[in-house]
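K.L.:
I am sharing final-v6.cif, which consists of mmCIF, C-alpha atoms and all ligand atoms:
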data_start
#
loop_
_atom_site.label_atom_id
_atom_site.label_comp_id
_atom_site.auth_asym_id
_atom_site.auth_seq_id
_atom_site.Cartn_x
_atom_site.Cartn_y
_atom_site.Cartn_z
CA MET D 48 1.14 46.57 35.12
CA ARG D 49 0.71 42.88 34.46
CA ILE D 50 3.96 41.58 33.02
CA GLY D 51 4.53 38.19 31.36
CA VAL D 52 7.97 36.51 31.36
CA LEU D 53 9.25 33.53 29.40
CA THR D 54 12.56 31.78 28.74
CA GLY D 55 12.93 30.09 25.33
CA GLY D 56 15.48 28.12 23.31
CA GLY D 57 18.47 26.30 24.79
CA ASP D 58 18.78 27.10 28.49
CA CYS D 59 21.87 28.81 29.86
CA PRO D 60 23.30 29.87 33.20
CA GLY D 61 21.93 33.26 34.28
CA LEU D 62 18.29 32.84 33.20
CA ASN D 63 17.12 32.63 36.80
CA ALA D 64 19.11 35.74 37.69
CA VAL D 65 17.13 37.69 35.04
CA ILE D 66 13.81 36.31 36.28
CA ARG D 67 14.68 37.22 39.87
CA ALA D 68 15.69 40.77 38.95
CA VAL D 69 12.54 41.33 36.88
CA VAL D 70 10.28 39.99 39.65
CA ARG D 71 12.02 41.97 42.42
CA LYS D 72 11.81 45.31 40.66
CA ALA D 73 8.38 44.67 39.10
CA ILE D 74 6.74 43.83 42.42
CA ASP D 75 8.71 45.84 44.99
CA HIS D 76 9.35 48.97 42.95
CA TYR D 77 6.47 49.17 40.48
CA GLY D 78 3.73 47.19 42.27
CA ASP D 79 3.23 44.92 39.20
CA ALA D 80 1.99 41.36 38.94
CA VAL D 81 4.32 38.95 37.09
CA ILE D 82 3.08 35.89 35.19
CA GLY D 83 5.74 33.34 34.25
CA PHE D 84 4.85 31.34 31.13
CA ARG D 85 6.22 27.79 31.11
CA ASP D 86 8.55 26.32 28.50
CA GLY D 87 9.06 29.30 26.23
CA TRP D 88 6.43 30.09 23.60
CA ARG D 89 4.67 26.82 24.44
CA GLY D 90 3.43 28.45 27.65
CA LEU D 91 1.62 31.14 25.67
CA LEU D 92 0.28 28.69 23.10
CA GLU D 93 -1.08 26.36 25.77
CA ASP D 94 -1.81 28.90 28.50
CA SER D 95 0.59 27.20 30.88
CA PHE D 96 1.83 29.58 33.57
CA ASP D 97 2.71 30.31 37.23
CA GLU D 98 2.35 33.60 39.02
CA LEU D 99 5.85 34.67 40.08
CA THR D 100 6.30 36.26 43.47
CA ILE D 101 9.21 37.48 45.57
CA GLU D 102 8.82 34.29 47.62
CA SER D 103 8.74 31.92 44.65
CA THR D 104 11.90 33.46 43.19
CA ARG D 105 13.99 33.47 46.35
CA GLY D 106 17.31 31.60 46.24
CA ILE D 107 17.39 31.19 42.45
CA LEU D 108 20.21 33.67 41.63
CA PRO D 109 23.03 31.07 41.62
CA ARG D 110 20.96 28.28 40.08
CA GLY D 111 21.59 27.20 36.48
CA GLY D 112 18.74 26.36 34.10
CA THR D 113 15.43 28.18 34.36
CA ILE D 114 12.64 27.79 36.90
CA LEU D 115 10.19 28.48 34.06
CA GLY D 116 11.41 25.65 31.82
CA SER D 117 12.31 26.15 28.18
CA SER D 118 11.57 24.71 24.74
CA ARG D 119 12.33 25.37 21.10
CA THR D 120 8.64 25.94 20.27
CA ASN D 121 8.07 28.30 17.34
CA PRO D 122 4.62 29.98 17.42
CA TYR D 123 4.90 30.59 13.69
CA LYS D 124 5.12 26.84 13.05
CA ARG D 125 1.81 26.15 14.84
CA GLU D 126 -1.64 26.47 13.39
CA ASP D 127 -3.25 29.65 14.79
CA GLY D 128 -0.02 30.14 16.75
CA VAL D 129 -0.11 33.94 16.71
CA ALA D 130 -3.84 34.08 17.49
CA ARG D 131 -3.36 31.68 20.42
CA VAL D 132 -0.49 33.76 21.82
CA GLN D 133 -2.64 36.90 21.52
CA GLU D 134 -5.58 35.16 23.16
CA THR D 135 -3.50 34.09 26.17
CA PHE D 136 -2.14 37.63 26.40
CA SER D 137 -5.63 39.12 26.57
CA SER D 138 -7.09 36.49 28.86
CA HIS D 139 -4.44 37.36 31.50
CA ASN D 140 -4.70 41.10 30.80
CA ILE D 141 -0.96 41.16 30.12
CA ASP D 142 0.36 44.65 29.37
CA GLY D 143 3.68 43.43 28.06
CA LEU D 144 5.95 40.40 27.82
CA ILE D 145 9.64 40.05 28.66
CA ALA D 146 11.04 37.33 26.37
CA ILE D 147 14.43 36.00 27.42
CA GLY D 148 16.06 34.11 24.57
CA GLY D 149 18.51 33.82 21.71
CA GLU D 150 18.09 34.43 18.00
CA ASP D 151 15.12 32.03 17.63
CA THR D 152 13.05 33.13 20.65
CA LEU D 153 13.82 36.79 20.00
CA GLY D 154 13.21 36.33 16.26
CA ALA D 155 9.69 35.14 17.12
CA ALA D 156 9.39 38.02 19.63
CA SER D 157 10.31 40.52 16.94
CA ARG D 158 7.70 39.11 14.54
CA LEU D 159 5.06 39.02 17.27
CA HIS D 160 5.83 42.65 18.02
CA GLU D 161 5.19 43.47 14.34
CA ASP D 162 1.93 41.52 14.75
CA GLY D 163 0.89 43.84 17.57
CA LEU D 164 2.26 42.29 20.78
CA ASN D 165 4.05 44.37 23.43
CA VAL D 166 7.40 42.61 23.85
CA ILE D 167 10.82 43.46 25.31
CA GLY D 168 13.74 41.12 24.57
CA VAL D 169 16.58 40.01 26.87
CA PRO D 170 19.56 38.40 25.08
CA LYS D 171 20.80 35.03 26.34
CA THR D 172 22.87 32.25 24.83
CA ILE D 173 26.09 30.45 25.55
CA ASP D 174 26.88 30.83 21.82
CA ASN D 175 27.32 34.63 22.14
CA ASP D 176 26.05 34.99 18.58
CA LEU D 177 23.43 37.73 19.00
CA ALA D 178 24.01 40.96 17.17
CA ALA D 179 23.45 44.38 18.75
CA THR D 180 24.89 43.39 22.14
CA ASP D 181 28.59 43.09 22.96
CA VAL D 182 28.07 39.86 24.85
CA THR D 183 25.25 37.57 25.98
CA PHE D 184 25.02 36.15 29.49
CA GLY D 185 25.75 32.42 29.63
CA PHE D 186 28.79 32.76 27.40
CA ASP D 187 31.21 33.49 30.23
CA THR D 188 30.05 30.42 32.17
CA ALA D 189 30.32 28.14 29.12
CA LEU D 190 33.78 29.53 28.50
CA HIS D 191 34.90 28.75 32.04
CA VAL D 192 33.58 25.19 31.79
CA ALA D 193 35.30 24.62 28.43
CA THR D 194 38.57 26.19 29.58
CA GLU D 195 38.66 24.08 32.73
CA ALA D 196 38.04 20.97 30.63
CA ILE D 197 40.90 21.89 28.29
CA ASP D 198 43.24 22.42 31.25
CA ARG D 199 42.34 18.95 32.53
CA LEU D 200 42.75 17.35 29.10
CA HIS D 201 46.17 18.99 28.76
CA THR D 202 47.67 17.02 31.62
CA THR D 203 46.41 13.65 30.41
CA ALA D 204 47.40 14.47 26.80
CA GLU D 205 50.92 15.19 28.00
CA SER D 206 51.19 12.01 30.10
CA HIS D 207 50.10 9.75 27.23
CA HIS D 208 51.72 11.68 24.37
CA ARG D 209 48.34 11.93 22.68
CA ILE D 210 46.36 14.31 20.55
CA LEU D 211 43.18 15.29 22.38
CA VAL D 212 40.35 16.76 20.33
CA VAL D 213 37.80 18.80 22.32
CA GLU D 214 34.45 19.50 20.65
CA VAL D 215 32.64 22.55 22.04
CA MET D 216 29.22 24.04 21.31
CA GLY D 217 28.41 27.35 19.62
CA ARG D 218 26.23 26.33 16.68
CA ASN D 219 27.43 28.38 13.66
CA ALA D 220 29.55 30.78 15.69
CA GLY D 221 33.06 30.06 16.90
CA TRP D 222 33.09 32.27 20.01
CA ILE D 223 33.24 29.45 22.56
CA GLY D 224 35.80 27.53 20.48
CA LEU D 225 38.04 30.52 19.87
CA HIS D 226 37.97 31.95 23.39
CA ALA D 227 38.18 28.62 25.24
CA GLY D 228 40.96 27.55 22.85
CA LEU D 229 42.89 30.75 23.48
CA ALA D 230 42.36 30.61 27.24
CA GLY D 231 43.36 26.94 27.36
CA GLY D 232 46.39 27.34 25.09
CA ALA D 233 45.07 25.00 22.38
CA ASP D 234 47.45 24.08 19.57
CA VAL D 235 44.76 24.08 16.89
CA ILE D 236 41.40 25.90 17.00
CA LEU D 237 38.77 25.18 14.34
CA ILE D 238 35.69 27.40 14.03
CA PRO D 239 32.67 27.40 11.70
CA GLU D 240 33.54 30.78 10.18
CA LEU D 241 36.62 29.39 8.42
CA PRO D 242 36.44 25.90 6.87
CA PHE D 243 39.58 23.97 7.73
CA ASP D 244 42.04 21.87 5.76
CA ILE D 245 42.66 18.58 7.57
CA GLU D 246 46.16 18.36 6.11
CA GLU D 247 47.03 21.77 7.60
CA VAL D 248 45.73 20.57 11.00
CA CYS D 249 48.01 17.53 10.75
CA ARG D 250 50.94 19.69 9.62
CA LEU D 251 50.65 21.83 12.77
CA ILE D 252 50.52 18.74 14.97
CA ARG D 253 53.52 17.14 13.24
CA ARG D 254 55.46 20.40 13.61
CA ARG D 255 54.82 20.39 17.37
CA HIS D 256 56.08 16.82 17.58
CA ALA D 257 59.18 17.78 15.59
CA ARG D 258 59.77 20.60 18.10
CA GLY D 259 59.74 18.12 20.97
CA ARG D 260 56.12 18.48 22.12
CA PRO D 261 54.61 15.04 21.42
CA PHE D 262 51.06 15.95 22.52
CA SER D 263 48.50 18.48 21.28
CA ILE D 264 45.08 19.92 22.07
CA VAL D 265 42.72 20.53 19.15
CA VAL D 266 39.62 22.58 19.98
CA VAL D 267 36.86 22.22 17.41
CA ALA D 268 33.55 24.08 17.44
CA GLU D 269 30.63 21.76 16.67
CA GLY D 270 29.75 23.77 13.56
CA ALA D 271 33.25 23.67 12.04
CA THR D 272 33.45 22.09 8.60
CA PRO D 273 36.26 20.90 6.34
CA LYS D 274 37.10 22.90 3.23
CA GLU D 275 35.50 21.54 0.11
CA GLY D 276 37.62 18.83 -1.45
CA THR D 277 39.69 18.14 1.68
CA ALA D 278 38.45 14.57 2.12
CA MET D 279 36.20 14.94 5.19
CA THR D 280 32.42 14.78 4.98
CA LEU D 281 29.86 17.19 6.44
CA GLN D 282 27.21 16.49 9.09
CA THR D 283 23.60 15.89 8.07
CA GLY D 284 20.50 15.30 10.20
CA ASP D 285 17.14 16.45 11.48
CA VAL D 286 16.27 20.10 11.90
CA ASP D 287 14.35 21.74 14.77
CA GLU D 288 11.32 24.05 14.49
CA PHE D 289 13.59 26.97 13.67
CA GLY D 290 15.34 25.01 10.90
CA HIS D 291 18.61 24.32 12.76
CA PRO D 292 20.27 20.92 12.26
CA ARG D 293 21.42 19.04 15.34
CA LEU D 294 25.19 19.47 15.30
CA GLY D 295 27.88 17.30 16.82
CA GLY D 296 30.22 14.56 15.70
CA ILE D 297 33.00 16.58 14.10
CA GLY D 298 35.23 15.77 17.13
CA GLN D 299 35.03 12.02 16.48
CA GLN D 300 35.59 12.51 12.77
CA LEU D 301 38.72 14.51 13.51
CA GLU D 302 39.91 11.87 15.96
CA ARG D 303 39.85 9.25 13.20
CA GLU D 304 41.34 11.50 10.52
CA ILE D 305 44.20 12.83 12.66
CA GLU D 306 45.15 9.40 13.96
CA SER D 307 45.12 7.78 10.54
CA ARG D 308 46.99 10.62 8.83
CA THR D 309 49.66 11.26 11.49
CA GLY D 310 49.89 7.88 13.21
CA PHE D 311 49.68 9.71 16.60
CA GLU D 312 47.28 8.26 19.14
CA THR D 313 44.21 10.52 19.27
CA ARG D 314 41.11 10.75 21.49
CA ALA D 315 38.04 12.98 21.27
CA THR D 316 35.97 14.52 24.08
CA VAL D 317 32.59 16.11 23.39
CA LEU D 318 31.75 18.67 26.10
CA GLY D 319 28.11 18.99 24.99
CA HIS D 320 25.50 20.17 27.46
CA VAL D 321 27.98 20.32 30.35
CA GLN D 322 28.73 23.78 28.94
CA ARG D 323 25.12 24.87 29.43
CA GLY D 324 24.43 23.45 32.87
CA GLY D 325 25.30 24.46 36.39
CA THR D 326 25.84 27.63 38.30
CA PRO D 327 26.55 30.91 36.45
CA THR D 328 29.82 32.77 36.91
CA ALA D 329 29.76 36.03 38.87
CA PHE D 330 30.07 37.94 35.58
CA ASP D 331 26.98 36.23 34.15
CA ARG D 332 24.99 36.74 37.36
CA VAL D 333 25.72 40.45 37.36
CA LEU D 334 25.08 40.91 33.64
CA ALA D 335 21.82 38.93 33.83
CA THR D 336 20.69 40.98 36.84
CA ARG D 337 21.47 44.27 35.08
CA LEU D 338 19.59 43.15 31.95
CA GLY D 339 16.57 42.03 33.99
CA LEU D 340 16.36 45.36 35.83
CA ALA D 341 16.70 47.27 32.55
CA ALA D 342 14.00 45.12 30.90
CA ILE D 343 11.36 45.89 33.51
CA ASP D 344 12.26 49.60 33.34
CA ALA D 345 11.92 49.44 29.54
CA ALA D 346 8.46 47.89 29.92
CA HIS D 347 7.40 50.77 32.16
CA ASP D 348 8.78 53.22 29.60
CA GLY D 349 6.70 51.53 26.89
CA GLN D 350 9.80 50.59 24.87
CA TRP D 351 8.08 47.67 23.13
CA GLY D 352 9.91 45.98 20.27
CA ARG D 353 13.28 46.71 21.87
CA MET D 354 15.98 44.54 23.42
CA VAL D 355 18.21 45.39 26.37
CA ALA D 356 21.88 45.11 25.37
CA LEU D 357 25.36 45.55 26.82
CA HIS D 358 27.42 48.20 25.03
CA ALA D 359 30.86 48.56 26.59
CA THR D 360 29.89 49.03 30.26
CA GLU D 361 26.36 50.40 29.78
CA ILE D 362 23.00 48.65 29.34
CA GLU D 363 21.17 50.26 26.42
CA LEU D 364 18.10 49.61 24.28
CA VAL D 365 18.27 48.44 20.66
CA ALA D 366 15.61 47.42 18.13
CA LEU D 367 14.74 43.72 18.46
CA ALA D 368 14.66 43.50 14.67
CA ASP D 369 18.31 44.64 14.48
CA ALA D 370 19.38 42.12 17.10
CA VAL D 371 17.95 39.17 15.16
CA ALA D 372 18.67 40.29 11.60
CA GLU D 373 21.98 38.39 11.32
CA PRO D 374 23.84 36.25 13.85
CA ARG D 375 27.12 37.71 15.12
CA ARG D 376 29.99 35.47 14.08
CA VAL D 377 33.74 35.60 14.67
CA PRO D 378 35.39 37.90 12.11
CA VAL D 379 37.90 35.85 10.13
CA GLU D 380 40.59 38.57 10.60
CA GLU D 381 40.19 38.22 14.35
CA TYR D 382 40.67 34.45 14.18
CA GLU D 383 43.67 34.80 11.88
CA ARG D 384 45.36 37.21 14.30
CA TYR D 385 45.84 34.25 16.67
CA GLY D 386 47.29 31.89 14.05
CA VAL D 387 50.78 32.56 15.39
CA LEU D 388 49.84 30.71 18.59
CA PHE D 389 48.87 27.47 16.82
CA GLY D 390 51.07 24.40 16.34
O1 LIG G 401 22.22 27.52 21.26
C1 LIG G 401 22.75 26.86 22.35
C2 LIG G 401 23.14 25.45 21.99
O2 LIG G 401 23.69 24.84 23.13
C3 LIG G 401 24.10 25.33 20.79
O3 LIG G 401 25.43 25.62 21.14
C4 LIG G 401 23.86 23.90 20.39
O4 LIG G 401 24.14 23.68 19.02
C5 LIG G 401 22.39 23.72 20.64
O5 LIG G 401 22.03 24.69 21.59
C6 LIG G 401 22.03 22.36 21.15
O6 LIG G 401 20.67 22.28 21.24
P1 LIG G 401 19.87 21.14 21.99
O7 LIG G 401 20.04 21.36 23.47
O8 LIG G 401 18.46 21.36 21.55
O9 LIG G 401 20.46 19.84 21.56
#
What is this structure when it is put down as structure tokens?
P.N.:
Amino acid sequence: MRIGVLTGGGDCPGLNAVIRAVVRKAIDHYGDAVIGFRDGWRGLLEDSFDELTIESTRGILPRGGTILGSSRTNPYKREDGVARVQETFSSHNIDGLIAIGGEDTLGAASRLHEDGLNVIGVPKTIDNDLAATDVTFGFDTALHVATEAIDRLHTTAESHHRILVVEVMGRNAGWIGLHAGLAGGADVILIPELPFDIEEVCRLIRRRHARGRPFSIVVVAEGATPKEGTAMTLQTGDVDEFGHPRLGGIGQQLEREIESRTGFETRATVLGHVQRGGTPTAFDRVLATRLGLAAIDAAHDGQWGRMVALHATEIELVALADAVAEPRRVPVEEYERYGVLFG
């Protein structure tokens, strides 16, 4: 077969491990040719590609990012986008495409499948917000980075008797915030799924002080918002080709609010893209490798329109359309279960 591969959306650690696994099994086991399209869907729109070989993919397993490049290009936002993707497909005699991405890239893959393209999806994102899989690769690495940062901030918060606010990524899902906050022993965790009351945040911090702990760690997910009528304003800004606003800034807002309401010295740290860069954890390398091997097998089984997914300990196939129907967010009951650990 002739197999196309692309990586789209925000990059994350483990993408290269998928590419390597696909290429190894495609070439060595099946005798395929593998065409890597550059920068996500842009590669198919602009016919920008590299042939991938065993040689060209050597040594990439532990490397973060993606050797193919990535972008947030949406073929459905471009004139003749679908026709151009189909044209590139035919001109390379591609039998099927392995699209490695999150809800946006796989959302486009699902629509392109309905429009007649042979596509298999592989779920990636540090946000861990894709439905139909228990976990996405990249999440574990982001979690380790965020947890290590919280551990480091703890010691300086304690020395200076300060409140340290840590803003983490995750878009509209609180998985990184909740898990890094739990792992790092945060005193307050704020996630997008449950709008917060700034006065309640301050109450928890004051209670800690009253109990003889004059420092606190507040973990806030970038998509967290204040409850209506609680005197903090929401973020506004530009949107990308998939309609997502650029998030960020809630950490600094909290810094100002907490300091002015409690009188305790407060500082904010925004972890940002540090969470997405660098080498994947062993867990992410193994998961990404398993997903890559399953994806090339699925292509040879003609399982187009499906996504490889982790269910408990097994890699299984699910419908791409189910995976992108709704993002997977933190259930509020799950968040509330941990409330006893706050403050
Ligand atoms: O989806 C991954 C992610 O890192 C989100 O957590 C974040 O909101 C977004 O991408 C940032 O996107 P960009 O790199 O385009 O600024």
K.L.:
Can you pull out every residue with an atom within 10 Å of ligand LIG 401 (chain G)? Use all atoms listed in the file and format it as a PyMOL selection string.
P.N.:
chain D and resi 56-59+118-119+148-151+171-176+185-186+189+215-221+223+268-270+286-287+291-295+319-324
K.L.:
Of the candidates D:Val377, D:Ile74, D:Val192, D:Ala335, which shows the shortest atom-to-atom distance to Ile362 in chain D, using only C-alpha atoms?
P.N.:
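Smallest distance to Ile362 in chain D is found for D:Ala335.
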K.L.:
Let me make sure I understand: among D:Asp285, D:Thr135, D:Gly231, D:Asp142, which one has the smallest atom-to-atom distance to Ile167 in chain D if we use only C-alpha atoms?
P.N.:
D:Asp142
K.L.:
Enclose range 174-189 of chain D, meaning all of its atoms listed in the file, in a box aligned along x, y and z, pad it by 3 Å on each side, and list the centre and edge lengths in Å to one decimal, as JSON.
P.N.:
{"center_x": 27.3, "center_y": 36.3, "center_z": 24.7, "size_x": 13.8, "size_y": 22.2, "size_z": 21.0}
K.L.:
Report, in Å with one decimal, the straight-line distance from CA of Ala271 in chain D to CA of Pro374 in chain D.
P.N.:
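So the answer is 15.8 Å.
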K.L.:
Tell me which of D:Leu200, D:Leu190, D:Ile343, D:Ala155 sits closest to Ile66 in chain D, counting all atoms listed in the file.
P.N.:
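Distance minimum relative to Ile66 in chain D lands on D:Ile343.
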K.L.:
Using all atoms listed in the file, which of D:Val70, D:Leu108, D:Val169, D:Ile101 sits nearest Val333 in chain D?
P.N.:
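The answer is D:Leu108, which sits nearest to Val333 in chain D.
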K.L.:
With all atoms listed in the file as the atoms that count, which of D:Gly352, D:Gly83, D:Gly259, D:Gly51 lies nearest to Glu205 in chain D?
P.N.:
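Between D:Gly352, D:Gly83, D:Gly259, D:Gly51, the residue approaching Glu205 in chain D most closely is D:Gly259.
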K.L.:
State, in Å with one decimal place, the distance from CA of Phe84 in chain D to CA of Gly325 in chain D.
P.N.:
22.2 Å
